[in-house]
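Next comes protein-v1.csv, with CSV, C-alpha atoms.
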```csv
chain,number,residue,atom,x,y,z
B,1,MET,CA,0.0,0.0,0.0
B,2,LYS,CA,1.4,3.4,-0.9
B,3,LYS,CA,2.1,5.8,1.9
B,4,ILE,CA,1.0,9.4,2.1
B,5,LEU,CA,2.4,12.0,4.6
B,6,ILE,CA,-0.2,14.5,5.6
B,7,VAL,CA,1.3,17.7,7.0
B,8,GLU,CA,-1.6,19.7,8.4
B,9,ASP,CA,-2.2,21.5,11.7
B,10,ILE,CA,-6.0,21.7,11.8
B,11,ASP,CA,-7.6,18.6,13.3
B,12,LEU,CA,-10.8,18.9,11.2
B,13,ASN,CA,-8.8,19.0,8.0
B,14,ILE,CA,-6.7,16.0,9.1
B,15,ASP,CA,-9.9,14.1,10.0
B,16,LEU,CA,-11.4,14.8,6.6
B,17,LEU,CA,-8.3,13.7,4.7
B,18,ILE,CA,-8.0,10.5,6.8
B,19,GLN,CA,-11.7,9.6,6.1
B,20,PHE,CA,-11.2,10.2,2.4
B,21,LEU,CA,-7.8,8.4,2.0
B,22,GLU,CA,-7.5,5.7,4.7
B,23,ASP,CA,-9.0,2.9,2.8
B,24,ASP,CA,-6.5,3.2,-0.1
B,25,TYR,CA,-3.4,4.5,1.5
B,26,ASP,CA,-1.2,4.1,4.5
B,27,LEU,CA,-1.3,7.5,6.2
B,28,VAL,CA,1.3,9.3,8.4
B,29,ILE,CA,0.4,12.6,10.1
B,30,ALA,CA,2.5,15.6,11.0
B,31,LYS,CA,1.0,18.7,12.7
B,32,ASP,CA,3.8,21.2,11.7
B,33,GLY,CA,6.4,21.8,9.1
B,34,ALA,CA,9.4,20.6,11.2
B,35,GLN,CA,7.6,17.3,12.1
B,36,GLY,CA,6.7,16.9,8.5
B,37,VAL,CA,10.3,17.1,7.4
B,38,SER,CA,11.4,14.7,10.1
B,39,LEU,CA,8.6,12.2,9.2
B,40,ALA,CA,9.4,12.5,5.5
B,41,LYS,CA,12.9,11.2,6.4
B,42,GLU,CA,11.7,8.5,8.8
B,43,ALA,CA,8.6,7.2,7.1
B,44,LEU,CA,9.7,7.6,3.5
B,45,PRO,CA,6.2,8.4,2.1
B,46,ASP,CA,5.4,8.0,-1.6
B,47,LEU,CA,3.7,11.4,-1.6
B,48,VAL,CA,3.3,14.4,0.7
B,49,LEU,CA,0.2,16.6,1.2
B,50,MET,CA,1.6,19.8,2.5
B,51,ASP,CA,-0.5,22.5,4.2
B,52,ILE,CA,1.2,25.8,3.4
B,53,SER,CA,0.0,27.8,6.5
B,54,LEU,CA,1.6,25.9,9.4
B,55,PRO,CA,2.8,27.1,12.8
B,56,GLY,CA,6.6,27.5,13.2
B,57,MET,CA,8.1,26.3,9.9
B,58,ASP,CA,5.6,27.0,7.1
B,59,GLY,CA,4.8,24.6,4.3
B,60,TYR,CA,7.1,26.5,1.9
B,61,GLN,CA,10.2,25.9,4.0
B,62,ALA,CA,9.2,22.3,4.8
B,63,ALA,CA,8.7,21.6,1.1
B,64,ARG,CA,12.1,23.0,0.3
B,65,LEU,CA,13.8,20.8,2.9
B,66,ILE,CA,11.9,17.7,1.9
B,67,ARG,CA,12.8,18.5,-1.8
B,68,GLN,CA,16.5,18.8,-0.9
B,69,SER,CA,16.5,15.3,0.6
B,70,PHE,CA,14.1,13.7,-1.9
B,71,PRO,CA,14.2,15.4,-5.3
B,72,LYS,CA,11.6,13.2,-6.8
B,73,MET,CA,9.1,12.9,-4.0
B,74,PRO,CA,5.7,14.3,-5.1
B,75,ILE,CA,4.5,17.1,-2.8
B,76,ILE,CA,1.0,18.6,-3.3
B,77,GLY,CA,0.6,22.0,-1.6
B,78,LEU,CA,-2.7,22.7,0.1
B,79,SER,CA,-3.9,26.2,1.0
B,80,ALA,CA,-6.9,28.4,1.3
B,81,HIS,CA,-4.8,31.0,-0.6
B,82,ALA,CA,-5.8,30.9,-4.3
B,83,MET,CA,-3.8,33.8,-5.8
B,84,GLN,CA,-1.5,32.9,-8.7
B,85,ALA,CA,1.5,34.3,-6.6
B,86,ASP,CA,0.7,31.8,-3.8
B,87,ILE,CA,0.6,28.9,-6.3
B,88,GLN,CA,3.9,30.1,-7.9
B,89,LYS,CA,5.6,30.4,-4.5
B,90,ALA,CA,4.6,26.8,-3.6
B,91,ILE,CA,5.9,25.5,-6.9
B,92,GLU,CA,9.2,27.4,-6.4
B,93,ALA,CA,9.4,25.9,-2.9
B,94,GLY,CA,9.2,22.3,-4.4
B,95,CYS,CA,5.6,21.4,-4.6
B,96,CYS,CA,4.8,19.7,-7.9
B,97,ASP,CA,1.1,20.6,-7.6
B,98,TYR,CA,-1.2,22.9,-5.6
B,99,LEU,CA,-4.8,22.6,-4.5
B,100,THR,CA,-7.0,25.2,-2.8
B,101,LYS,CA,-9.0,24.5,0.3
B,102,PRO,CA,-11.6,23.4,0.7
B,103,VAL,CA,-10.1,20.6,-1.3
B,104,ASP,CA,-12.2,18.9,-4.0
B,105,ASP,CA,-12.0,15.2,-3.0
B,106,THR,CA,-12.3,13.9,-6.6
B,107,LEU,CA,-9.6,16.3,-7.9
B,108,LEU,CA,-7.3,15.4,-5.0
B,109,LEU,CA,-7.7,11.7,-5.6
B,110,THR,CA,-7.1,12.2,-9.4
B,111,LYS,CA,-3.9,14.1,-8.7
B,112,ILE,CA,-2.7,11.6,-6.1
B,113,LYS,CA,-3.3,8.7,-8.5
B,114,THR,CA,-1.6,10.5,-11.4
B,115,LEU,CA,1.5,11.3,-9.3
B,116,LEU,CA,1.8,7.8,-7.8
B,117,GLY,CA,1.3,6.1,-11.2
```
Structure rendered as structure tokens:
Amino acid sequence: MKKILIVEDIDLNIDLLIQFLEDDYDLVIAKDGAQGVSLAKEALPDLVLMDISLPGMDGYQAARLIRQSFPKMPIIGLSAHAMQADIQKAIEAGCCDYLTKPVDDTLLLTKIKTLLG
């Protein structure tokens, strides 16, 4: 079973992602950017769902650090910010894709399946 690291600080969002993904993927949860970077190195997920607005280390910095260690690991940025500049900043930080919250479940699943092959 493919493993997904969810880096998200809001419990409701974590619960929604777990309910949607738990039947098809092994899930690992981090509640801040630093823990996300650490778990990426420990758990070696196949894909990362990265919230951008995190306490402490934000999702941009966490994505950069994960990308340094794992150049090919797919990272999908998740944020309520929908401006083109926000999307571009996430891509420049190392995210290979970006979805705005609230996340469209069907679109998210399509993107995950495409990235995981």
Which value, in Å to one decimal, gives the distance between CA of Gln35 in chain B and CA of Asp86 in chain B?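 A separation of 22.6 Å between them.
Here CA of Asp58 in chain B and CA of Lys89 in chain B stand 12.1 Å from one another.
Here the question is which of B:Ile52, B:Glu8, B:Thr110, B:Asp46 gets nearest to Ala30 in chain B using only C-alpha atoms, and that residue is B:Glu8.
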Excluding Asp9 in chain B and its own-chain neighbours fewer than 6 positions away, which residues fall within 7 Å of it when counting all atoms listed in the file? Please give them as a VMD selection string. chain B and resid 31 to 32 54
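In this model, the gap between CA of Pro71 in chain B and CA of Val103 in chain B comes to 25.2 Å.
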So that I can see what lies close to Ala82 in chain B, please list as an mmCIF file with C-alpha atoms, keeping the file's coordinate frame the residues with an atom at most 12 Å from it, counting all atoms listed in the file and leaving out residues fewer than 6 positions away in the same chain.
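Below is the file around-v2.cif, written as the result:
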```cif
data_model
loop_
_atom_site.group_PDB
_atom_site.id
_atom_site.type_symbol
_atom_site.label_atom_id
_atom_site.label_comp_id
_atom_site.auth_asym_id
_atom_site.auth_seq_id
_atom_site.Cartn_x
_atom_site.Cartn_y
_atom_site.Cartn_z
ATOM 1 C CA ILE B 52 1.200 25.800 3.400
ATOM 2 C CA GLN B 88 3.900 30.100 -7.900
ATOM 3 C CA LYS B 89 5.600 30.400 -4.500
ATOM 4 C CA ALA B 90 4.600 26.800 -3.600
ATOM 5 C CA TYR B 98 -1.200 22.900 -5.600
ATOM 6 C CA LEU B 99 -4.800 22.600 -4.500
ATOM 7 C CA THR B 100 -7.000 25.200 -2.800
ATOM 8 C CA LYS B 101 -9.000 24.500 0.300
ATOM 9 C CA PRO B 102 -11.600 23.400 0.700
ATOM 10 C CA VAL B 103 -10.100 20.600 -1.300
#
```
Counting only C-alpha atoms, which of B:Ile76, B:Ile14, B:Ile91, B:Ile66 gets nearest to Gly33 in chain B? B:Ile66
Which of these, B:Ile18, B:Met73, B:Val37, B:Leu49, has the shortest distance to Leu116 in chain B once you count only C-alpha atoms?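 With only C-alpha atoms as the atom set, the closest residue is B:Met73.
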6 Å contact set for Tyr25 in chain B, all atoms listed in the file, chain neighbours under 4 positions out, as number ranges by chain: B: 1-3, 21
Nearest to Lys111 in chain B among B:Gly56, B:Gly36, B:Pro45, B:Gly77, with distances taken over only C-alpha atoms: which residue is it?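 Among B:Gly56, B:Gly36, B:Pro45, B:Gly77, it is B:Gly77 that comes nearest to Lys111 in chain B.
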Because some atoms of range 18-45 of chain B are absent here, can you restore N, CA and C atoms and send them as a PDB file, keeping the file's coordinate frame?
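Full text of rebuild.pdb as output:
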```pdb
ATOM      1  N   ILE B  18      -8.099  11.936   6.373  1.00  0.00           N
ATOM      2  CA  ILE B  18      -8.000  10.500   6.800  1.00  0.00           C
ATOM      3  C   ILE B  18      -9.234   9.762   6.327  1.00  0.00           C
ATOM      4  N   GLN B  19     -10.430  10.303   6.555  1.00  0.00           N
ATOM      5  CA  GLN B  19     -11.700   9.600   6.100  1.00  0.00           C
ATOM      6  C   GLN B  19     -11.664   9.344   4.631  1.00  0.00           C
ATOM      7  N   PHE B  20     -11.138  10.286   3.886  1.00  0.00           N
ATOM      8  CA  PHE B  20     -11.200  10.200   2.400  1.00  0.00           C
ATOM      9  C   PHE B  20     -10.096   9.200   1.901  1.00  0.00           C
ATOM     10  N   LEU B  21      -8.953   9.112   2.565  1.00  0.00           N
ATOM     11  CA  LEU B  21      -7.800   8.400   2.000  1.00  0.00           C
ATOM     12  C   LEU B  21      -7.454   7.070   2.710  1.00  0.00           C
ATOM     13  N   GLU B  22      -7.957   6.850   3.922  1.00  0.00           N
ATOM     14  CA  GLU B  22      -7.500   5.700   4.700  1.00  0.00           C
ATOM     15  C   GLU B  22      -7.735   4.340   4.141  1.00  0.00           C
ATOM     16  N   ASP B  23      -8.744   4.194   3.318  1.00  0.00           N
ATOM     17  CA  ASP B  23      -9.000   2.900   2.800  1.00  0.00           C
ATOM     18  C   ASP B  23      -8.026   2.472   1.666  1.00  0.00           C
ATOM     19  N   ASP B  24      -7.403   3.457   1.031  1.00  0.00           N
ATOM     20  CA  ASP B  24      -6.500   3.200  -0.100  1.00  0.00           C
ATOM     21  C   ASP B  24      -5.056   3.436   0.143  1.00  0.00           C
ATOM     22  N   TYR B  25      -4.735   4.144   1.229  1.00  0.00           N
ATOM     23  CA  TYR B  25      -3.400   4.500   1.500  1.00  0.00           C
ATOM     24  C   TYR B  25      -2.989   4.378   2.942  1.00  0.00           C
ATOM     25  N   ASP B  26      -1.706   4.102   3.184  1.00  0.00           N
ATOM     26  CA  ASP B  26      -1.200   4.100   4.500  1.00  0.00           C
ATOM     27  C   ASP B  26      -0.855   5.581   4.836  1.00  0.00           C
ATOM     28  N   LEU B  27      -1.390   6.122   5.927  1.00  0.00           N
ATOM     29  CA  LEU B  27      -1.300   7.500   6.200  1.00  0.00           C
ATOM     30  C   LEU B  27      -0.379   7.808   7.423  1.00  0.00           C
ATOM     31  N   VAL B  28       0.447   8.839   7.298  1.00  0.00           N
ATOM     32  CA  VAL B  28       1.300   9.300   8.400  1.00  0.00           C
ATOM     33  C   VAL B  28       0.950  10.791   8.555  1.00  0.00           C
ATOM     34  N   ILE B  29       0.818  11.237   9.811  1.00  0.00           N
ATOM     35  CA  ILE B  29       0.400  12.600  10.100  1.00  0.00           C
ATOM     36  C   ILE B  29       1.430  13.406  10.814  1.00  0.00           C
ATOM     37  N   ALA B  30       1.645  14.627  10.329  1.00  0.00           N
ATOM     38  CA  ALA B  30       2.500  15.600  11.000  1.00  0.00           C
ATOM     39  C   ALA B  30       1.679  16.864  11.201  1.00  0.00           C
ATOM     40  N   LYS B  31       1.855  17.530  12.345  1.00  0.00           N
ATOM     41  CA  LYS B  31       1.000  18.700  12.700  1.00  0.00           C
ATOM     42  C   LYS B  31       1.784  20.027  12.484  1.00  0.00           C
ATOM     43  N   ASP B  32       3.038  19.984  12.062  1.00  0.00           N
ATOM     44  CA  ASP B  32       3.800  21.200  11.700  1.00  0.00           C
ATOM     45  C   ASP B  32       4.855  20.894  10.726  1.00  0.00           C
ATOM     46  N   GLY B  33       5.466  21.937  10.204  1.00  0.00           N
ATOM     47  CA  GLY B  33       6.400  21.800   9.100  1.00  0.00           C
ATOM     48  C   GLY B  33       7.672  20.972   9.578  1.00  0.00           C
ATOM     49  N   ALA B  34       8.206  21.277  10.762  1.00  0.00           N
ATOM     50  CA  ALA B  34       9.400  20.600  11.200  1.00  0.00           C
ATOM     51  C   ALA B  34       9.133  19.084  11.409  1.00  0.00           C
ATOM     52  N   GLN B  35       7.986  18.751  11.979  1.00  0.00           N
ATOM     53  CA  GLN B  35       7.600  17.300  12.100  1.00  0.00           C
ATOM     54  C   GLN B  35       7.421  16.692  10.778  1.00  0.00           C
ATOM     55  N   GLY B  36       6.883  17.439   9.827  1.00  0.00           N
ATOM     56  CA  GLY B  36       6.700  16.900   8.500  1.00  0.00           C
ATOM     57  C   GLY B  36       8.012  16.557   7.817  1.00  0.00           C
ATOM     58  N   VAL B  37       9.014  17.424   7.965  1.00  0.00           N
ATOM     59  CA  VAL B  37      10.300  17.100   7.400  1.00  0.00           C
ATOM     60  C   VAL B  37      10.932  15.904   8.061  1.00  0.00           C
ATOM     61  N   SER B  38      10.830  15.843   9.369  1.00  0.00           N
ATOM     62  CA  SER B  38      11.400  14.700  10.100  1.00  0.00           C
ATOM     63  C   SER B  38      10.677  13.396   9.698  1.00  0.00           C
ATOM     64  N   LEU B  39       9.341  13.416   9.617  1.00  0.00           N
ATOM     65  CA  LEU B  39       8.600  12.200   9.200  1.00  0.00           C
ATOM     66  C   LEU B  39       8.846  11.812   7.777  1.00  0.00           C
ATOM     67  N   ALA B  40       9.086  12.794   6.921  1.00  0.00           N
ATOM     68  CA  ALA B  40       9.400  12.500   5.500  1.00  0.00           C
ATOM     69  C   ALA B  40      10.686  11.626   5.481  1.00  0.00           C
ATOM     70  N   LYS B  41      11.648  11.973   6.319  1.00  0.00           N
ATOM     71  CA  LYS B  41      12.900  11.200   6.400  1.00  0.00           C
ATOM     72  C   LYS B  41      12.784   9.879   7.028  1.00  0.00           C
ATOM     73  N   GLU B  42      11.923   9.789   8.035  1.00  0.00           N
ATOM     74  CA  GLU B  42      11.700   8.500   8.800  1.00  0.00           C
ATOM     75  C   GLU B  42      10.801   7.572   8.081  1.00  0.00           C
ATOM     76  N   ALA B  43       9.657   8.066   7.644  1.00  0.00           N
ATOM     77  CA  ALA B  43       8.600   7.200   7.100  1.00  0.00           C
ATOM     78  C   ALA B  43       8.744   6.934   5.615  1.00  0.00           C
ATOM     79  N   LEU B  44       9.514   7.781   4.917  1.00  0.00           N
ATOM     80  CA  LEU B  44       9.700   7.600   3.500  1.00  0.00           C
ATOM     81  C   LEU B  44       8.404   7.475   2.700  1.00  0.00           C
ATOM     82  N   PRO B  45       7.532   8.470   2.787  1.00  0.00           N
ATOM     83  CA  PRO B  45       6.200   8.400   2.100  1.00  0.00           C
ATOM     84  C   PRO B  45       6.419   8.405   0.576  1.00  0.00           C
TER      85      PRO B  45
END
```
